[in-house]
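The next block is entry.pdb, given as PDB, C-alpha atoms.
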```
ATOM      1  CA  MET W   1     -37.606-142.904-125.785
ATOM      2  CA  ALA W   2     -35.994-140.201-123.655
ATOM      3  CA  VAL W   3     -38.154-137.548-122.090
ATOM      4  CA  GLN W   4     -36.855-134.026-122.377
ATOM      5  CA  PRO W   5     -36.875-131.998-119.181
ATOM      6  CA  LEU W   6     -39.078-128.914-119.080
ATOM      7  CA  ARG W   7     -37.267-125.701-119.707
ATOM      8  CA  ALA W   8     -37.652-123.092-117.040
ATOM      9  CA  GLY W   9     -40.356-120.583-117.849
ATOM     10  CA  ARG W  10     -42.003-122.634-120.551
ATOM     11  CA  ARG W  11     -44.919-123.967-118.520
ATOM     12  CA  ARG W  12     -46.637-122.097-115.819
ATOM     13  CA  ARG W  13     -48.432-123.757-113.012
ATOM     14  CA  PHE W  14     -52.068-122.741-112.986
ATOM     15  CA  GLU W  15     -53.638-122.081-109.629
ATOM     16  CA  PRO W  16     -57.308-121.140-109.878
ATOM     17  CA  ILE W  17     -58.701-118.240-107.900
ATOM     18  CA  ASP W  18     -62.090-118.516-106.255
ATOM     19  CA  GLN W  19     -65.015-116.598-107.732
ATOM     20  CA  GLU W  20     -65.275-113.867-105.089
ATOM     21  CA  THR W  21     -61.559-113.132-105.194
ATOM     22  CA  LEU W  22     -61.750-112.957-108.972
ATOM     23  CA  ARG W  23     -64.631-110.474-108.796
ATOM     24  CA  HIS W  24     -62.762-108.393-106.245
ATOM     25  CA  GLU W  25     -59.542-108.417-108.314
ATOM     26  CA  LEU W  26     -61.371-107.375-111.496
ATOM     27  CA  ALA W  27     -63.156-104.515-109.710
ATOM     28  CA  LEU W  28     -59.927-103.372-108.074
ATOM     29  CA  ASN W  29     -58.123-103.546-111.407
ATOM     30  CA  ARG W  30     -60.856-101.427-113.028
ATOM     31  CA  GLN W  31     -60.261 -98.710-110.420
ATOM     32  CA  GLN W  32     -56.493 -98.896-110.830
ATOM     33  CA  VAL W  33     -56.750 -98.610-114.624
ATOM     34  CA  ALA W  34     -59.021 -95.570-114.244
ATOM     35  CA  GLN W  35     -56.505 -93.934-111.899
ATOM     36  CA  ALA W  36     -53.637 -94.759-114.263
ATOM     37  CA  ASP W  37     -55.602 -93.322-117.187
ATOM     38  CA  SER W  38     -56.110 -90.129-115.227
ATOM     39  CA  SER W  39     -52.374 -90.010-114.484
ATOM     40  CA  VAL W  40     -51.583 -90.389-118.180
ATOM     41  CA  ARG W  41     -53.913 -87.516-119.065
ATOM     42  CA  GLY W  42     -52.364 -85.310-116.363
ATOM     43  CA  ALA W  43     -48.805 -86.106-117.429
ATOM     44  CA  LEU W  44     -49.695 -85.455-121.076
ATOM     45  CA  ARG W  45     -51.238 -82.101-120.188
ATOM     46  CA  GLN W  46     -48.145 -81.094-118.184
ATOM     47  CA  ARG W  47     -45.803 -82.085-121.010
ATOM     48  CA  ASN W  48     -47.879 -80.148-123.521
ATOM     49  CA  ASP W  49     -47.940 -77.105-121.228
ATOM     50  CA  SER W  50     -44.151 -77.224-120.986
ATOM     51  CA  VAL W  51     -43.796 -77.557-124.766
ATOM     52  CA  ALA W  52     -46.132 -74.632-125.353
ATOM     53  CA  GLN W  53     -44.281 -72.442-122.863
ATOM     54  CA  ALA W  54     -40.980 -73.296-124.540
ATOM     55  CA  LEU W  55     -42.472 -72.336-127.909
ATOM     56  CA  ALA W  56     -43.666 -69.045-126.442
ATOM     57  CA  ASP W  57     -40.118 -68.346-125.209
ATOM     58  CA  GLY W  58     -38.691 -68.963-128.681
ATOM     59  CA  VAL W  59     -36.931 -72.304-128.126
ATOM     60  CA  PRO W  60     -36.258 -73.912-131.537
ATOM     61  CA  VAL W  61     -38.900 -76.448-132.563
ATOM     62  CA  ALA W  62     -36.292 -79.096-133.418
ATOM     63  CA  ARG W  63     -34.823 -78.997-129.905
ATOM     64  CA  ILE W  64     -38.291 -79.156-128.335
ATOM     65  CA  ALA W  65     -39.275 -82.095-130.525
ATOM     66  CA  ASP W  66     -36.076 -83.921-129.603
ATOM     67  CA  ALA W  67     -36.608 -83.325-125.877
ATOM     68  CA  ALA W  68     -40.276 -84.352-126.000
ATOM     69  CA  GLY W  69     -39.720 -87.361-128.243
ATOM     70  CA  VAL W  70     -42.290 -86.250-130.812
ATOM     71  CA  SER W  71     -42.086 -84.970-134.373
ATOM     72  CA  LYS W  72     -41.578 -81.318-135.242
ATOM     73  CA  LEU W  73     -44.930 -81.306-137.009
ATOM     74  CA  GLU W  74     -46.675 -82.466-133.829
ATOM     75  CA  VAL W  75     -44.946 -79.740-131.813
ATOM     76  CA  ARG W  76     -45.974 -77.044-134.280
ATOM     77  CA  ARG W  77     -49.478 -78.046-135.228
ATOM     78  CA  ARG W  78     -50.931 -80.165-132.451
ATOM     79  CA  ILE W  79     -49.327 -78.941-129.262
ATOM     80  CA  GLY W  80     -48.340 -75.400-130.197
ATOM     81  CA  ALA W  81     -51.581 -74.502-131.941
ATOM     82  CA  GLY W  82     -53.598 -75.077-128.780
ATOM     83  CA  TYR W  83     -51.665 -72.513-126.728
ATOM     84  CA  THR W  84     -51.594 -69.358-128.832
ATOM     85  CA  ASP W  85     -52.264 -66.924-125.972
ATOM     86  CA  LEU W  86     -49.222 -67.710-123.784
ATOM     87  CA  GLN W  87     -46.888 -64.917-122.787
ATOM     88  CA  PRO W  88     -43.122 -65.559-122.787
ATOM     89  CA  ALA W  89     -41.797 -66.473-119.348
ATOM     90  CA  GLY W  90     -38.229 -65.439-120.122
ATOM     91  CA  TRP W  91     -36.634 -68.728-119.049
ATOM     92  CA  PRO W  92     -33.492 -70.010-120.760
ATOM     93  CA  ALA W  93     -33.899 -72.740-123.379
ATOM     94  CA  ASP W  94     -32.058 -75.353-121.300
ATOM     95  CA  THR W  95     -34.483 -74.892-118.409
ATOM     96  CA  HIS W  96     -37.418 -75.475-120.731
ATOM     97  CA  LEU W  97     -35.790 -78.515-122.323
ATOM     98  CA  ASP W  98     -34.975 -80.068-118.930
ATOM     99  CA  ALA W  99     -38.586 -79.590-117.833
ATOM    100  CA  ILE W 100     -39.859 -81.141-121.068
ATOM    101  CA  ARG W 101     -37.529 -84.142-120.693
ATOM    102  CA  GLY W 102     -38.636 -84.693-117.102
ATOM    103  CA  ARG W 103     -42.307 -84.494-117.968
ATOM    104  CA  THR W 104     -41.818 -86.774-120.965
ATOM    105  CA  GLN W 105     -40.231 -89.359-118.671
ATOM    106  CA  ALA W 106     -43.139 -89.011-116.241
ATOM    107  CA  LEU W 107     -45.557 -89.542-119.131
ATOM    108  CA  ALA W 108     -43.684 -92.658-120.271
ATOM    109  CA  ALA W 109     -43.766 -94.054-116.721
ATOM    110  CA  ALA W 110     -47.506 -93.429-116.460
ATOM    111  CA  VAL W 111     -48.158 -95.135-119.800
ATOM    112  CA  GLU W 112     -46.025 -98.119-118.767
ATOM    113  CA  HIS W 113     -47.908 -98.446-115.469
ATOM    114  CA  LYS W 114     -51.222 -98.394-117.293
ATOM    115  CA  SER W 115     -50.084-101.069-119.737
ATOM    116  CA  VAL W 116     -49.007-103.334-116.848
ATOM    117  CA  LEU W 117     -52.467-102.945-115.320
ATOM    118  CA  GLU W 118     -54.118-103.750-118.658
ATOM    119  CA  VAL W 119     -52.057-106.939-118.955
ATOM    120  CA  ARG W 120     -53.229-107.876-115.461
ATOM    121  CA  ARG W 121     -56.844-107.253-116.498
ATOM    122  CA  ARG W 122     -56.438-109.474-119.538
ATOM    123  CA  SER W 123     -54.975-112.225-117.383
ATOM    124  CA  LEU W 124     -57.826-112.017-114.897
ATOM    125  CA  THR W 125     -60.326-112.007-117.752
ATOM    126  CA  VAL W 126     -58.813-115.100-119.320
ATOM    127  CA  MET W 127     -58.788-116.882-115.993
ATOM    128  CA  ALA W 128     -62.420-116.012-115.285
ATOM    129  CA  LEU W 129     -63.672-117.079-118.697
ATOM    130  CA  LYS W 130     -61.519-120.133-119.340
ATOM    131  CA  THR W 131     -62.373-121.641-115.948
ATOM    132  CA  ASP W 132     -66.084-120.811-116.408
ATOM    133  CA  GLN W 133     -66.220-119.006-113.074
ATOM    134  CA  LEU W 134     -67.769-115.874-114.573
ATOM    135  CA  ASP W 135     -69.583-115.273-117.833
ATOM    136  CA  LEU W 136     -68.549-112.784-120.493
ATOM    137  CA  PHE W 137     -71.022-110.078-119.546
ATOM    138  CA  GLU W 138     -70.187-110.233-115.844
ATOM    139  CA  VAL W 139     -66.490-109.940-116.637
ATOM    140  CA  ALA W 140     -67.205-107.048-119.000
ATOM    141  CA  SER W 141     -69.209-105.304-116.301
ATOM    142  CA  LEU W 142     -66.563-105.811-113.614
ATOM    143  CA  ALA W 143     -63.702-104.765-115.894
ATOM    144  CA  ALA W 144     -65.612-101.860-117.522
ATOM    145  CA  VAL W 145     -64.688-103.163-120.972
ATOM    146  CA  PRO W 146     -67.127-103.895-123.830
ATOM    147  CA  PRO W 147     -67.791-107.617-124.378
ATOM    148  CA  GLU W 148     -66.674-107.343-128.020
ATOM    149  CA  ARG W 149     -63.239-106.167-126.923
ATOM    150  CA  ILE W 150     -62.941-109.046-124.471
ATOM    151  CA  ARG W 151     -63.888-111.516-127.214
ATOM    152  CA  SER W 152     -61.240-110.130-129.542
ATOM    153  CA  GLU W 153     -58.597-110.192-126.798
ATOM    154  CA  MET W 154     -59.441-113.803-125.934
ATOM    155  CA  ARG W 155     -58.793-115.222-129.403
ATOM    156  CA  GLY W 156     -55.992-117.777-129.263
ATOM    157  CA  ILE W 157     -55.291-117.382-125.556
ATOM    158  CA  THR W 158     -54.972-120.383-123.276
ATOM    159  CA  LEU W 159     -54.565-120.704-119.542
ATOM    160  CA  ARG W 160     -50.883-121.472-119.994
ATOM    161  CA  SER W 161     -50.313-118.031-121.436
ATOM    162  CA  VAL W 162     -51.882-116.322-118.416
ATOM    163  CA  ARG W 163     -49.540-114.340-116.207
ATOM    164  CA  LEU W 164     -50.956-113.141-112.896
ATOM    165  CA  ALA W 165     -47.989-111.194-111.558
ATOM    166  CA  ASN W 166     -48.942-108.253-109.361
TER     167      ASN W 166
END
```

Whole structure given in structure tokens:
Amino acid sequence: MAVQPLRAGRRRRFEPIDQETLRHELALNRQQVAQADSSVRGALRQRNDSVAQALADGVPVARIADAAGVSKLEVRRRIGAGYTDLQPAGWPADTHLDAIRGRTQALAAAVEHKSVLEVRRRSLTVMALKTDQLDLFEVASLAAVPPERIRSEMRGITLRSVRLAN
């Protein structure tokens, strides 16, 4: 019987990390996720400020929604309703729309960075628990994630599916 060769990328070689390094990586990842979360909140606030200023200057809602990548309803009710006391700045519509597009891209980049860090946390968590180096509550404490969430994330995950790319 012929043996089929392994396809590239199908199996990953598992190299365990020692316990102290794992603790350090989980703690570092917790800090990085917190910083990324703060960046997301800041980028969201800046985008919403730009949208509100564009509304105050009379830029059409449809053009703002298109530039921000959100629905017209969200522009009107969620973002616009929170900034009712803004005075018009007198900028042209294209200037507002360019600012909104730039801040929307910055928000998307911040969200993507945070999701990469969360994937890294899940990988470290799987490695710690599947190799029995750390227990669930220690991992939860180091990662600043409730144990119930870790349990739900761990369902159906094996060491082969772990990716520890930095």

**OP:** Using only C-alpha atoms, pick whichever of W:Lys130, W:His96, W:Arg47, W:Arg78 has the shortest atom-to-atom distance to Ile17 of chain W.
**Re:**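 Closest candidate: W:Lys130.
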
Subject >> Test item: the PyMOL selection byres ((chain W and resi 43) around 12) resolved as a PyMOL selection string >> reply: chain W and resi 36-42+44-50+100-111

Original post:
Applied to the shown file, which residues does the PyMOL selection byres ((chain W and resi 83) around 10) return, written as a PyMOL selection string?
Top reply: chain W and resi 48-49+51-53+55-56+78-82+84-87

**OP:** Just the residues within 6 Å of segment 134-143 of chain W, please, counting only C-alpha atoms, with nothing from its chain fewer than 5 positions along; format it as number ranges by chain.
**Re:** W: 26-27, 30, 128-129

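Between Met154 of chain W and the candidates W:Val126, W:Ala93, W:Ile64, W:Ala54, the tightest atom-to-atom separation, counting only C-alpha atoms, involves W:Val126.
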
**OP:** Rank W:Val145, W:Asp94, W:Met127, W:Arg155 by their smallest atom-to-atom distance to Asp57 of chain W, using only C-alpha atoms, and report the top residue only.
**Re:** W:Asp94

Original post:
How many Å separate atom CA of Thr125 of chain W from atom CA of Ile150 of chain W?
Top reply: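 Here the two named atoms are 7.8 Å from each other.
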
**OP:** Please indicate the distance in Å from atom CA of Val116 of chain W to atom CA of Val33 of chain W, rounded to one decimal place.
**Re:**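 Separating atom CA of Val116 of chain W from atom CA of Val33 of chain W is a distance of 9.3 Å.
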
**OP:** Would you work out the distance separating atom CA of Ala144 of chain W from atom CA of Asn29 of chain W, expressed in Å to one decimal?
**Re:** 9.8 Å

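Considering the residues W:Val119, W:Val59, W:Ala34, W:Leu28 and counting all atoms listed in the file, Thr95 of chain W has its shortest atom-to-atom contact with W:Val59.
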
**OP:** For the structure provided, state which residues fall under the PyMOL selection byres ((chain W and resi 62) around 12), and present them as a PyMOL selection string.
**Re:** chain W and resi 51+54-55+58-61+63-76+97

Is there a way to complete segment 124-159 of chain W with N, CA and C atoms and then write that out as a PDB file, in the coordinates of the input?
```
ATOM      1  N   LEU W 124     -56.670-111.706-115.743  1.00  0.00           N
ATOM      2  CA  LEU W 124     -57.826-112.017-114.897  1.00  0.00           C
ATOM      3  C   LEU W 124     -59.039-112.397-115.743  1.00  0.00           C
ATOM      4  N   THR W 125     -59.212-111.715-116.855  1.00  0.00           N
ATOM      5  CA  THR W 125     -60.326-112.007-117.752  1.00  0.00           C
ATOM      6  C   THR W 125     -60.217-113.412-118.321  1.00  0.00           C
ATOM      7  N   VAL W 126     -59.025-113.765-118.772  1.00  0.00           N
ATOM      8  CA  VAL W 126     -58.813-115.100-119.320  1.00  0.00           C
ATOM      9  C   VAL W 126     -59.088-116.152-118.256  1.00  0.00           C
ATOM     10  N   MET W 127     -58.581-115.915-117.066  1.00  0.00           N
ATOM     11  CA  MET W 127     -58.788-116.882-115.993  1.00  0.00           C
ATOM     12  C   MET W 127     -60.274-117.047-115.684  1.00  0.00           C
ATOM     13  N   ALA W 128     -60.995-115.952-115.612  1.00  0.00           N
ATOM     14  CA  ALA W 128     -62.420-116.012-115.285  1.00  0.00           C
ATOM     15  C   ALA W 128     -63.215-116.742-116.356  1.00  0.00           C
ATOM     16  N   LEU W 129     -62.894-116.490-117.609  1.00  0.00           N
ATOM     17  CA  LEU W 129     -63.672-117.079-118.697  1.00  0.00           C
ATOM     18  C   LEU W 129     -63.258-118.515-119.021  1.00  0.00           C
ATOM     19  N   LYS W 130     -61.976-118.791-118.989  1.00  0.00           N
ATOM     20  CA  LYS W 130     -61.519-120.133-119.340  1.00  0.00           C
ATOM     21  C   LYS W 130     -61.849-121.156-118.255  1.00  0.00           C
ATOM     22  N   THR W 131     -62.003-120.711-117.018  1.00  0.00           N
ATOM     23  CA  THR W 131     -62.373-121.641-115.948  1.00  0.00           C
ATOM     24  C   THR W 131     -63.879-121.654-115.714  1.00  0.00           C
ATOM     25  N   ASP W 132     -64.620-120.894-116.503  1.00  0.00           N
ATOM     26  CA  ASP W 132     -66.084-120.811-116.408  1.00  0.00           C
ATOM     27  C   ASP W 132     -66.568-120.365-115.031  1.00  0.00           C
ATOM     28  N   GLN W 133     -65.789-119.533-114.367  1.00  0.00           N
ATOM     29  CA  GLN W 133     -66.220-119.006-113.074  1.00  0.00           C
ATOM     30  C   GLN W 133     -67.161-117.829-113.247  1.00  0.00           C
ATOM     31  N   LEU W 134     -66.931-117.033-114.280  1.00  0.00           N
ATOM     32  CA  LEU W 134     -67.769-115.874-114.573  1.00  0.00           C
ATOM     33  C   LEU W 134     -68.105-115.903-116.060  1.00  0.00           C
ATOM     34  N   ASP W 135     -69.248-115.323-116.416  1.00  0.00           N
ATOM     35  CA  ASP W 135     -69.583-115.273-117.833  1.00  0.00           C
ATOM     36  C   ASP W 135     -69.054-113.975-118.444  1.00  0.00           C
ATOM     37  N   LEU W 136     -69.125-113.900-119.747  1.00  0.00           N
ATOM     38  CA  LEU W 136     -68.549-112.784-120.493  1.00  0.00           C
ATOM     39  C   LEU W 136     -69.114-111.435-120.054  1.00  0.00           C
ATOM     40  N   PHE W 137     -70.401-111.364-119.863  1.00  0.00           N
ATOM     41  CA  PHE W 137     -71.022-110.078-119.546  1.00  0.00           C
ATOM     42  C   PHE W 137     -70.719-109.636-118.116  1.00  0.00           C
ATOM     43  N   GLU W 138     -70.571-110.585-117.214  1.00  0.00           N
ATOM     44  CA  GLU W 138     -70.187-110.233-115.844  1.00  0.00           C
ATOM     45  C   GLU W 138     -68.745-109.727-115.816  1.00  0.00           C
ATOM     46  N   VAL W 139     -67.881-110.387-116.563  1.00  0.00           N
ATOM     47  CA  VAL W 139     -66.490-109.940-116.637  1.00  0.00           C
ATOM     48  C   VAL W 139     -66.424-108.554-117.271  1.00  0.00           C
ATOM     49  N   ALA W 140     -67.190-108.350-118.330  1.00  0.00           N
ATOM     50  CA  ALA W 140     -67.205-107.048-119.000  1.00  0.00           C
ATOM     51  C   ALA W 140     -67.686-105.954-118.056  1.00  0.00           C
ATOM     52  N   SER W 141     -68.683-106.266-117.262  1.00  0.00           N
ATOM     53  CA  SER W 141     -69.209-105.304-116.301  1.00  0.00           C
ATOM     54  C   SER W 141     -68.185-104.991-115.216  1.00  0.00           C
ATOM     55  N   LEU W 142     -67.549-106.017-114.682  1.00  0.00           N
ATOM     56  CA  LEU W 142     -66.563-105.811-113.614  1.00  0.00           C
ATOM     57  C   LEU W 142     -65.316-105.081-114.111  1.00  0.00           C
ATOM     58  N   ALA W 143     -64.920-105.358-115.348  1.00  0.00           N
ATOM     59  CA  ALA W 143     -63.702-104.765-115.894  1.00  0.00           C
ATOM     60  C   ALA W 143     -63.956-103.446-116.615  1.00  0.00           C
ATOM     61  N   ALA W 144     -65.234-103.087-116.811  1.00  0.00           N
ATOM     62  CA  ALA W 144     -65.612-101.860-117.522  1.00  0.00           C
ATOM     63  C   ALA W 144     -65.046-101.850-118.944  1.00  0.00           C
ATOM     64  N   VAL W 145     -65.169-102.999-119.609  1.00  0.00           N
ATOM     65  CA  VAL W 145     -64.688-103.163-120.972  1.00  0.00           C
ATOM     66  C   VAL W 145     -65.833-103.766-121.786  1.00  0.00           C
ATOM     67  N   PRO W 146     -66.053-103.309-123.014  1.00  0.00           N
ATOM     68  CA  PRO W 146     -67.127-103.895-123.830  1.00  0.00           C
ATOM     69  C   PRO W 146     -66.889-105.382-124.096  1.00  0.00           C
ATOM     70  N   PRO W 147     -67.951-106.184-124.135  1.00  0.00           N
ATOM     71  CA  PRO W 147     -67.791-107.617-124.378  1.00  0.00           C
ATOM     72  C   PRO W 147     -67.097-107.938-125.706  1.00  0.00           C
ATOM     73  N   GLU W 148     -67.312-107.109-126.726  1.00  0.00           N
ATOM     74  CA  GLU W 148     -66.674-107.343-128.020  1.00  0.00           C
ATOM     75  C   GLU W 148     -65.160-107.241-127.907  1.00  0.00           C
ATOM     76  N   ARG W 149     -64.687-106.313-127.109  1.00  0.00           N
ATOM     77  CA  ARG W 149     -63.239-106.167-126.923  1.00  0.00           C
ATOM     78  C   ARG W 149     -62.670-107.373-126.183  1.00  0.00           C
ATOM     79  N   ILE W 150     -63.400-107.857-125.198  1.00  0.00           N
ATOM     80  CA  ILE W 150     -62.941-109.046-124.471  1.00  0.00           C
ATOM     81  C   ILE W 150     -62.878-110.235-125.413  1.00  0.00           C
ATOM     82  N   ARG W 151     -63.891-110.400-126.252  1.00  0.00           N
ATOM     83  CA  ARG W 151     -63.888-111.516-127.214  1.00  0.00           C
ATOM     84  C   ARG W 151     -62.672-111.438-128.129  1.00  0.00           C
ATOM     85  N   SER W 152     -62.378-110.262-128.627  1.00  0.00           N
ATOM     86  CA  SER W 152     -61.240-110.130-129.542  1.00  0.00           C
ATOM     87  C   SER W 152     -59.913-110.363-128.821  1.00  0.00           C
ATOM     88  N   GLU W 153     -59.819-109.957-127.562  1.00  0.00           N
ATOM     89  CA  GLU W 153     -58.597-110.192-126.798  1.00  0.00           C
ATOM     90  C   GLU W 153     -58.406-111.661-126.438  1.00  0.00           C
ATOM     91  N   MET W 154     -59.494-112.405-126.364  1.00  0.00           N
ATOM     92  CA  MET W 154     -59.441-113.803-125.934  1.00  0.00           C
ATOM     93  C   MET W 154     -59.050-114.755-127.057  1.00  0.00           C
ATOM     94  N   ARG W 155     -59.075-114.320-128.285  1.00  0.00           N
ATOM     95  CA  ARG W 155     -58.793-115.222-129.403  1.00  0.00           C
ATOM     96  C   ARG W 155     -57.382-115.781-129.301  1.00  0.00           C
ATOM     97  N   GLY W 156     -57.287-117.111-129.271  1.00  0.00           N
ATOM     98  CA  GLY W 156     -55.992-117.777-129.263  1.00  0.00           C
ATOM     99  C   GLY W 156     -55.279-117.798-127.933  1.00  0.00           C
ATOM    100  N   ILE W 157     -55.938-117.416-126.870  1.00  0.00           N
ATOM    101  CA  ILE W 157     -55.291-117.382-125.556  1.00  0.00           C
ATOM    102  C   ILE W 157     -55.701-118.617-124.766  1.00  0.00           C
ATOM    103  N   THR W 158     -54.718-119.225-124.125  1.00  0.00           N
ATOM    104  CA  THR W 158     -54.972-120.383-123.276  1.00  0.00           C
ATOM    105  C   THR W 158     -54.579-120.054-121.851  1.00  0.00           C
ATOM    106  N   LEU W 159     -54.929-120.929-120.944  1.00  0.00           N
ATOM    107  CA  LEU W 159     -54.565-120.704-119.542  1.00  0.00           C
ATOM    108  C   LEU W 159     -53.068-120.722-119.333  1.00  0.00           C
TER     109      LEU W 159
END
```
